[in-house]
Structures are given as C-alpha cells and as structure tokens.
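Undergrad: Structure in structure tokens, see below.
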Amino acid sequence: MKVATWNVNSIRARRERVLAWLAANEPDVLCLQELKTEEADFPGEEFRALGYEAAVCGQRTYNGVAILARGALRDVERGFGDGTDDPQARFVAATVMAAGTAGAPGTGVAGAPGEARAPRAVGAPGEAARGVRVMSAYVPNGEAVGSEKFAYKLAWCERLVAHLRARVDLRGETVLAGDFNVAPAPIDVHDPAAWEGHVLYSEAERAAFAAIVGVGLVDIVRRLNPTAPMFSWWDYRMLAFPKNRGLRIDHVLVSPALAARAQSAYVDRAARKGKLPSDHAPVVVEFAESAAVRAGG
DNA sequence: ATGGCAATGTTTCATTGA
C-alpha cells in the first residue's frame with residue numbers, strides 16, 4: 001500500500017499536474033489539502049477515470065481537503081463534528097476498503113496508462129472488512145505568533161486532539177496525513193536559528209504537534225529517515241527551492257499497527273519542479289501488504 | 001525590517017499563504 005499527502009495550492013490550478021502525478025505514481029491513497037474549491041467544482045470525474053474515488057470537504061477560495069483512493073470509501077466525515085460550527089474546511093476522514101491489496105504498479109490490475117477504469121474490487125475478505133481509516137488535515141497557517149489566527153491554529157490543534165481521542169480507533173490501521181504547518185524539530189528546518197520563534201517553528205506549535213502525535217501516532221517519515229531533512233515545502237520566492245531552503249511541515253502520522261508495516265518514505269521533489277508547481281511536494285509512504293493479504297486472503 | 005511568488009476574488013489591487 002502506497003499512501004501520499006500533497007498540499008496542491010488550488011486543485012483547479014493544479015488539476016493536470018495532480019492527474020499526471022497519480023497516473024505516474026499510482027498511490028493507493030492521496031490526501032489533498034488547499035483545494036480552494038467547493039466540492040461542486042472538484043474534478044471528481046477526472047480522478048474517477050483514473051480509478052480513484054474521492055471524499056471531498058471543499059470551500060470556496062480557501063482551505064479545502066480531500067481523500068482520493070483506489071477502492072471504495074466508506075463512512076466519510078467532514079469536519080470534527082464537535083459542534084463548533086467552524087466554516088473552514090480543513091478535515092475529512094474516510095475508511096478506505098482494501099487499499100493496497102491489488103493493483104500495484106506493474107500488476108496490470110490498474111489498467112494501461114490513460115485507460116479509463118472503474119474502482120477496483122475489494123481484495124482479501126479480512127482486509128475489506130477492516131479497511132484503513134484515513135484522515136486528511138489542513139492545519140491553519142497561523143499567520144504570526146501571537147496573532148488571532150495563531151490562537152485559532154492552536155485551538156484547532158486542540159480540537160483535532162480531542163477528535164482523535166474521542167472518535168478515532170487508534171488500535172486499528174489509521175493514517176492522519178496532511179499539511180500540519182509545523183516543523184517539529186531543528187532537522188526539519190533549513191535554518192533553525194533564523195526560524196526559531198517564528199510561525200511554523202515556535203515552541204507553542206511544536207508542543208501542539210507533539211500533543212497530536214502523543215495520542216498514539218507515529219511520525220513515520222521521520223522514523224524511517226532519522227537523519228535526512230525531508231523538506232516538503234519551499235517558499236516560491238528567493239530561489240528557495242533550488243537552494244533547498246525548505247521546511248518539513250507536511251506529515252504522515254500512522255497508528256502503531258500500520259507503523260509496523262511501513263517500509264519506506266520519501267518526498268517527491270520532482271513534483272515541485274517545472275512550470276507552476278505547488279509550493280509543497282508530495283510526501284509518500286509505502287507499506288508492506290498485511291499478513292492476511294500476503295497469505296492470499 | 002522588508003520583499004521576494006502564486007492563487008483567488010474583493011480584479012488593475014487586497015488578502016492569504018508559509
């Protein structure tokens with residue numbers, strides 16, 4: 001199973017780039033952030049033609065998140081459902097059925113490049129019954145430390161923690177992926193001394209991120225890559241990308257059951273290149289097939 | 001301390017992002 005997350009900075013502006021990336025990389029799950037689009041304008045049919053179902057929590061102009069997956073999506077939840085009446089579209093969850101049980105690149109199950117295909121059937125019975133719970137999150141930017149938006153960011157993270165504790169089964173196979181807008185440690189910042197105390201790399205934000213992980217999740221990209229920076233975002237300005245002045249702010253957090261199956265993780269820097277890229281690159285994690293699937297169901 | 005780049009709607013500039 002291959003799972004990815006990508007802040008695309010407008011799905012309408014990045015539609016062709018995302019479609020091409022899906023066709024070339026064939027992840028089982030892709031979490032998207034910053035759609036900047038209502039669900040009605042989300043290009044769902046084009047993703048369906050590539051074999052992906054979509055769960056979308058959209059919004060005009062700002063925010064917006066989605067989950068794309070090969071195979072059926074069940075129990076879609078938009079927002080935290082915590083009664084705060086928050087209009088910002090920053091969280092969507094869905095259960096992906098039998099992700100990764102078939103259709104890996106080269107198997108031919110997914111069809112020839114460019115060939116329209118329906119979502120593939122579920123695989124092993126045990127896997128299909130259980131599924132993988134996937135959450136796509138777009139943590140607020142926070143604008144500046146001490147600002148009103150910064151307070152909203154910290155409060156939003158507390159709401160996320162409450163949601164994870166109350167509503168998510170972390171004993172199962174669970175993925176929380178997205179743009180967290182927090183660099184957790186010095187290794188995640190190109191110049192930690194310069195960034196210290198600024199938004200994205202302040203003590204309060206690092207504590208908020210630690211609290212999210214602390215519910216019982218694993219920062220699997222860092223666990224699999226203990227010494228590499230793994231930057232996922234570079235400023236559009238100042239030649240930040242060619243100079244590799246980046247931050248690791250997009251994360252894939254997984255439950256222990258899934259962490260045990262994780263094999264590799266990487267940032268696809270190639271997707272940040274070329275004309276009109278997003279300022280974020282996709283973060284990808286690959287998992288071994290579950291024991292039930294390896295055994296043939 | 002500032003601006004630099006990009007997308008969007010409020011469109012010939014302001015807002016937001018990170």
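Identifiers in this document derive from the order of the structure tokens: chains are assigned A, B, ..., residues are numbered from 1 separately in each chain, and ligands are numbered from 1 in order of occurrence.
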Output the contact residues of chain B with respect to chain A at a cut-off of 7 Å, based on only C-alpha atoms (C1' of nucleotides), as a list in words.
TA: DG4, DC5, DT8 and DA18 of chain B
Undergrad: Calculated over only C-alpha atoms, which of the candidates A:Ile67, A:Leu19, A:Val139, A:Leu154 has the smallest distance to Thr5 of chain A?
TA: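 Nearest candidate to Thr5 of chain A out of A:Ile67, A:Leu19, A:Val139, A:Leu154: A:Ile67.
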Undergrad: Set the distance at 12 Å and use only C-alpha atoms (C1' of nucleotides): which residues neighbour Glu196 of chain A once local chain neighbours fewer than 3 positions away are removed? I'd like the list as JSON, numbers by chain.
TA: {"A": [145, 182, 183, 184, 185, 186, 188, 189, 190, 191, 192, 193, 199, 200, 201, 202, 203, 204, 205, 206]}
Undergrad: What would the file look like if the residues just selected were written as a compact mmCIF listing (two decimals), in the first residue's frame with C-alpha atoms?
TA:
# COMPACT_ATOMS: atom_id res chain seq x y z
CA VAL A 145 2.98 34.10 16.57
CA VAL A 182 4.55 22.87 11.93
CA ALA A 183 8.19 21.87 11.62
CA PRO A 184 8.64 19.57 14.63
CA ALA A 185 12.41 19.73 15.17
CA PRO A 186 15.60 21.54 14.10
CA ASP A 188 13.04 19.88 9.80
CA VAL A 189 14.15 23.49 9.18
CA HIS A 190 16.83 24.69 6.74
CA ASP A 191 17.93 27.40 9.19
CA PRO A 192 16.52 26.60 12.63
CA ALA A 193 18.26 29.52 14.33
CA VAL A 199 5.25 30.91 12.89
CA LEU A 200 5.67 27.26 11.76
CA TYR A 201 8.58 26.79 14.15
CA SER A 202 7.62 28.17 17.55
CA GLU A 203 7.62 26.40 20.90
CA ALA A 204 3.80 26.54 21.11
CA GLU A 205 3.38 24.95 17.67
CA ARG A 206 5.94 22.25 18.36
Undergrad: From a DSSP pass on the backbone, collect the residues of segment 85-241 of chain A flagged as alpha helix (DSSP H) and hand them back as an NGL selection string.
TA: :A and (125-130 or 148-167 or 192-195 or 203-213 or 220-224)
Undergrad: Distance atom CA of Ser147 of chain A-atom CA of Trp195 of chain A, one decimal place?
TA: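 Answer for the atom CA of Ser147 of chain A to atom CA of Trp195 of chain A separation: 17.0 Å.
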Undergrad: From a backbone DSSP assignment, name each residue in segment 67-292 of chain A labelled strand (DSSP E or B), as a PyMOL selection string.
TA: chain A and resi 67-69+73-78+91-96+132-138+174-179+189+218-219+233-234+246-247+250-254+262-267+280+283-287
Undergrad: Can I get the selected residues back with N, CA and C atoms, as a compact mmCIF listing (two decimals), in the first residue's frame?
TA:
# COMPACT_ATOMS: atom_id res chain seq x y z
N ILE A 67 -9.70 13.19 0.10
CA ILE A 67 -9.01 11.90 0.10
C ILE A 67 -9.35 11.23 -1.23
N LEU A 68 -8.33 10.87 -1.98
CA LEU A 68 -8.51 10.07 -3.18
C LEU A 68 -8.03 8.66 -2.88
N ALA A 69 -8.77 7.66 -3.33
CA ALA A 69 -8.36 6.29 -3.06
C ALA A 69 -8.84 5.35 -4.14
N LEU A 73 -14.73 4.04 -0.69
CA LEU A 73 -14.60 4.86 0.51
C LEU A 73 -15.88 4.75 1.31
N ARG A 74 -15.73 4.54 2.59
CA ARG A 74 -16.90 4.43 3.45
C ARG A 74 -16.80 5.36 4.65
N ASP A 75 -17.95 5.65 5.24
CA ASP A 75 -18.02 6.44 6.48
C ASP A 75 -17.27 7.76 6.36
N VAL A 76 -17.61 8.53 5.34
CA VAL A 76 -16.97 9.83 5.14
C VAL A 76 -17.46 10.81 6.21
N GLU A 77 -16.51 11.50 6.84
CA GLU A 77 -16.82 12.53 7.84
C GLU A 77 -16.14 13.83 7.43
N ARG A 78 -16.91 14.90 7.42
CA ARG A 78 -16.35 16.22 7.10
C ARG A 78 -16.33 17.06 8.36
N PHE A 91 -10.72 19.35 7.41
CA PHE A 91 -10.58 17.97 7.89
C PHE A 91 -11.62 17.09 7.21
N VAL A 92 -11.15 15.97 6.65
CA VAL A 92 -12.07 14.97 6.11
C VAL A 92 -11.49 13.59 6.43
N ALA A 93 -12.38 12.66 6.75
CA ALA A 93 -11.97 11.29 7.08
C ALA A 93 -12.81 10.31 6.28
N ALA A 94 -12.20 9.18 5.95
CA ALA A 94 -12.93 8.13 5.24
C ALA A 94 -12.22 6.80 5.48
N THR A 95 -12.97 5.74 5.43
CA THR A 95 -12.39 4.40 5.53
C THR A 95 -12.14 3.87 4.13
N VAL A 96 -10.89 3.56 3.84
CA VAL A 96 -10.50 3.04 2.53
C VAL A 96 -10.54 1.52 2.61
N VAL A 132 -8.80 0.74 6.11
CA VAL A 132 -7.84 1.65 6.74
C VAL A 132 -8.53 3.00 6.91
N ARG A 133 -8.55 3.50 8.13
CA ARG A 133 -9.15 4.80 8.38
C ARG A 133 -8.15 5.89 8.00
N VAL A 134 -8.54 6.76 7.08
CA VAL A 134 -7.65 7.80 6.58
C VAL A 134 -8.24 9.17 6.89
N MET A 135 -7.39 10.07 7.36
CA MET A 135 -7.81 11.45 7.65
C MET A 135 -6.88 12.40 6.91
N SER A 136 -7.45 13.36 6.21
CA SER A 136 -6.68 14.41 5.52
C SER A 136 -6.91 15.72 6.25
N ALA A 137 -5.82 16.33 6.73
CA ALA A 137 -5.93 17.52 7.59
C ALA A 137 -5.13 18.68 7.02
N TYR A 138 -5.71 19.86 7.15
CA TYR A 138 -5.01 21.10 6.80
C TYR A 138 -5.01 22.02 8.02
N THR A 174 -4.66 3.19 10.97
CA THR A 174 -5.14 4.57 10.85
C THR A 174 -4.03 5.46 10.31
N VAL A 175 -4.42 6.37 9.40
CA VAL A 175 -3.49 7.35 8.83
C VAL A 175 -4.04 8.75 9.05
N LEU A 176 -3.24 9.63 9.61
CA LEU A 176 -3.56 11.06 9.69
C LEU A 176 -2.48 11.78 8.91
N ALA A 177 -2.85 12.26 7.71
CA ALA A 177 -1.85 12.88 6.84
C ALA A 177 -2.30 14.26 6.43
N GLY A 178 -1.34 15.14 6.20
CA GLY A 178 -1.71 16.45 5.71
C GLY A 178 -0.65 17.50 5.92
N ASP A 179 -1.10 18.75 5.73
CA ASP A 179 -0.23 19.91 5.95
C ASP A 179 -0.47 20.37 7.38
N VAL A 189 14.08 22.08 9.58
CA VAL A 189 14.15 23.49 9.18
C VAL A 189 15.53 23.76 8.57
N VAL A 218 2.53 7.65 15.13
CA VAL A 218 3.96 7.61 14.82
C VAL A 218 4.23 8.52 13.62
N ASP A 219 5.19 9.43 13.77
CA ASP A 219 5.67 10.26 12.65
C ASP A 219 6.56 9.35 11.80
N TRP A 233 8.12 21.62 1.90
CA TRP A 233 7.67 22.94 1.42
C TRP A 233 8.87 23.87 1.24
N TRP A 234 8.80 24.65 0.16
CA TRP A 234 9.81 25.67 -0.13
C TRP A 234 9.08 26.92 -0.58
N GLY A 246 14.10 24.81 2.75
CA GLY A 246 12.75 24.31 2.94
C GLY A 246 12.42 24.02 4.39
N LEU A 247 11.20 23.53 4.57
CA LEU A 247 10.72 23.08 5.88
C LEU A 247 10.01 21.75 5.70
N ASP A 250 4.67 18.98 6.13
CA ASP A 250 3.63 18.02 5.71
C ASP A 250 4.01 16.66 6.29
N HIS A 251 3.05 16.03 6.94
CA HIS A 251 3.39 14.84 7.71
C HIS A 251 2.42 13.69 7.47
N VAL A 252 2.92 12.49 7.69
CA VAL A 252 2.09 11.28 7.66
C VAL A 252 2.24 10.61 9.02
N LEU A 253 1.17 10.65 9.79
CA LEU A 253 1.16 10.03 11.12
C LEU A 253 0.31 8.77 11.05
N VAL A 254 0.83 7.68 11.60
CA VAL A 254 0.12 6.41 11.49
C VAL A 254 0.01 5.74 12.85
N ALA A 262 5.23 -0.29 7.78
CA ALA A 262 5.85 0.73 6.94
C ALA A 262 7.22 0.27 6.46
N GLN A 263 7.49 0.53 5.19
CA GLN A 263 8.75 0.08 4.61
C GLN A 263 9.66 1.22 4.19
N SER A 264 9.08 2.26 3.59
CA SER A 264 9.91 3.38 3.11
C SER A 264 9.07 4.64 3.03
N ALA A 265 9.76 5.77 3.08
CA ALA A 265 9.08 7.06 2.96
C ALA A 265 10.00 8.03 2.25
N TYR A 266 9.40 8.89 1.41
CA TYR A 266 10.21 9.86 0.67
C TYR A 266 9.37 11.06 0.28
N VAL A 267 10.06 12.14 -0.09
CA VAL A 267 9.42 13.33 -0.64
C VAL A 267 9.70 13.34 -2.14
N HIS A 280 4.37 23.05 -2.21
CA HIS A 280 4.61 21.81 -1.46
C HIS A 280 4.89 20.66 -2.42
N VAL A 283 4.43 13.90 -0.10
CA VAL A 283 5.15 13.04 0.84
C VAL A 283 4.53 11.64 0.70
N VAL A 284 5.38 10.64 0.49
CA VAL A 284 4.89 9.30 0.14
C VAL A 284 5.41 8.28 1.15
N VAL A 285 4.53 7.37 1.57
CA VAL A 285 4.92 6.27 2.46
C VAL A 285 4.44 4.96 1.86
N GLU A 286 5.33 3.98 1.85
CA GLU A 286 4.96 2.67 1.32
C GLU A 286 4.92 1.64 2.44
N PHE A 287 3.87 0.81 2.43
CA PHE A 287 3.65 -0.20 3.46
C PHE A 287 3.67 -1.59 2.84
Undergrad: If you measure from atom CA of Arg261 of chain A to atom CA of Val3 of chain A, what distance in Å do you get, rounded to one decimal?
TA: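 Separation between atom CA of Arg261 of chain A and atom CA of Val3 of chain A: 12.3 Å.
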Undergrad: From the list A:Arg222, A:Arg171, A:Arg90, A:His198, which residue is nearest Asn7 of chain A when using only C-alpha atoms?
TA: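 Residue with the minimum atom-to-atom distance to Asn7 of chain A: A:Arg90.
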Undergrad: Could you work out how far atom CA of Ala271 of chain A lies from atom CA of Ala49 of chain A, giving the answer in Å with one decimal?
TA: 21.4 Å
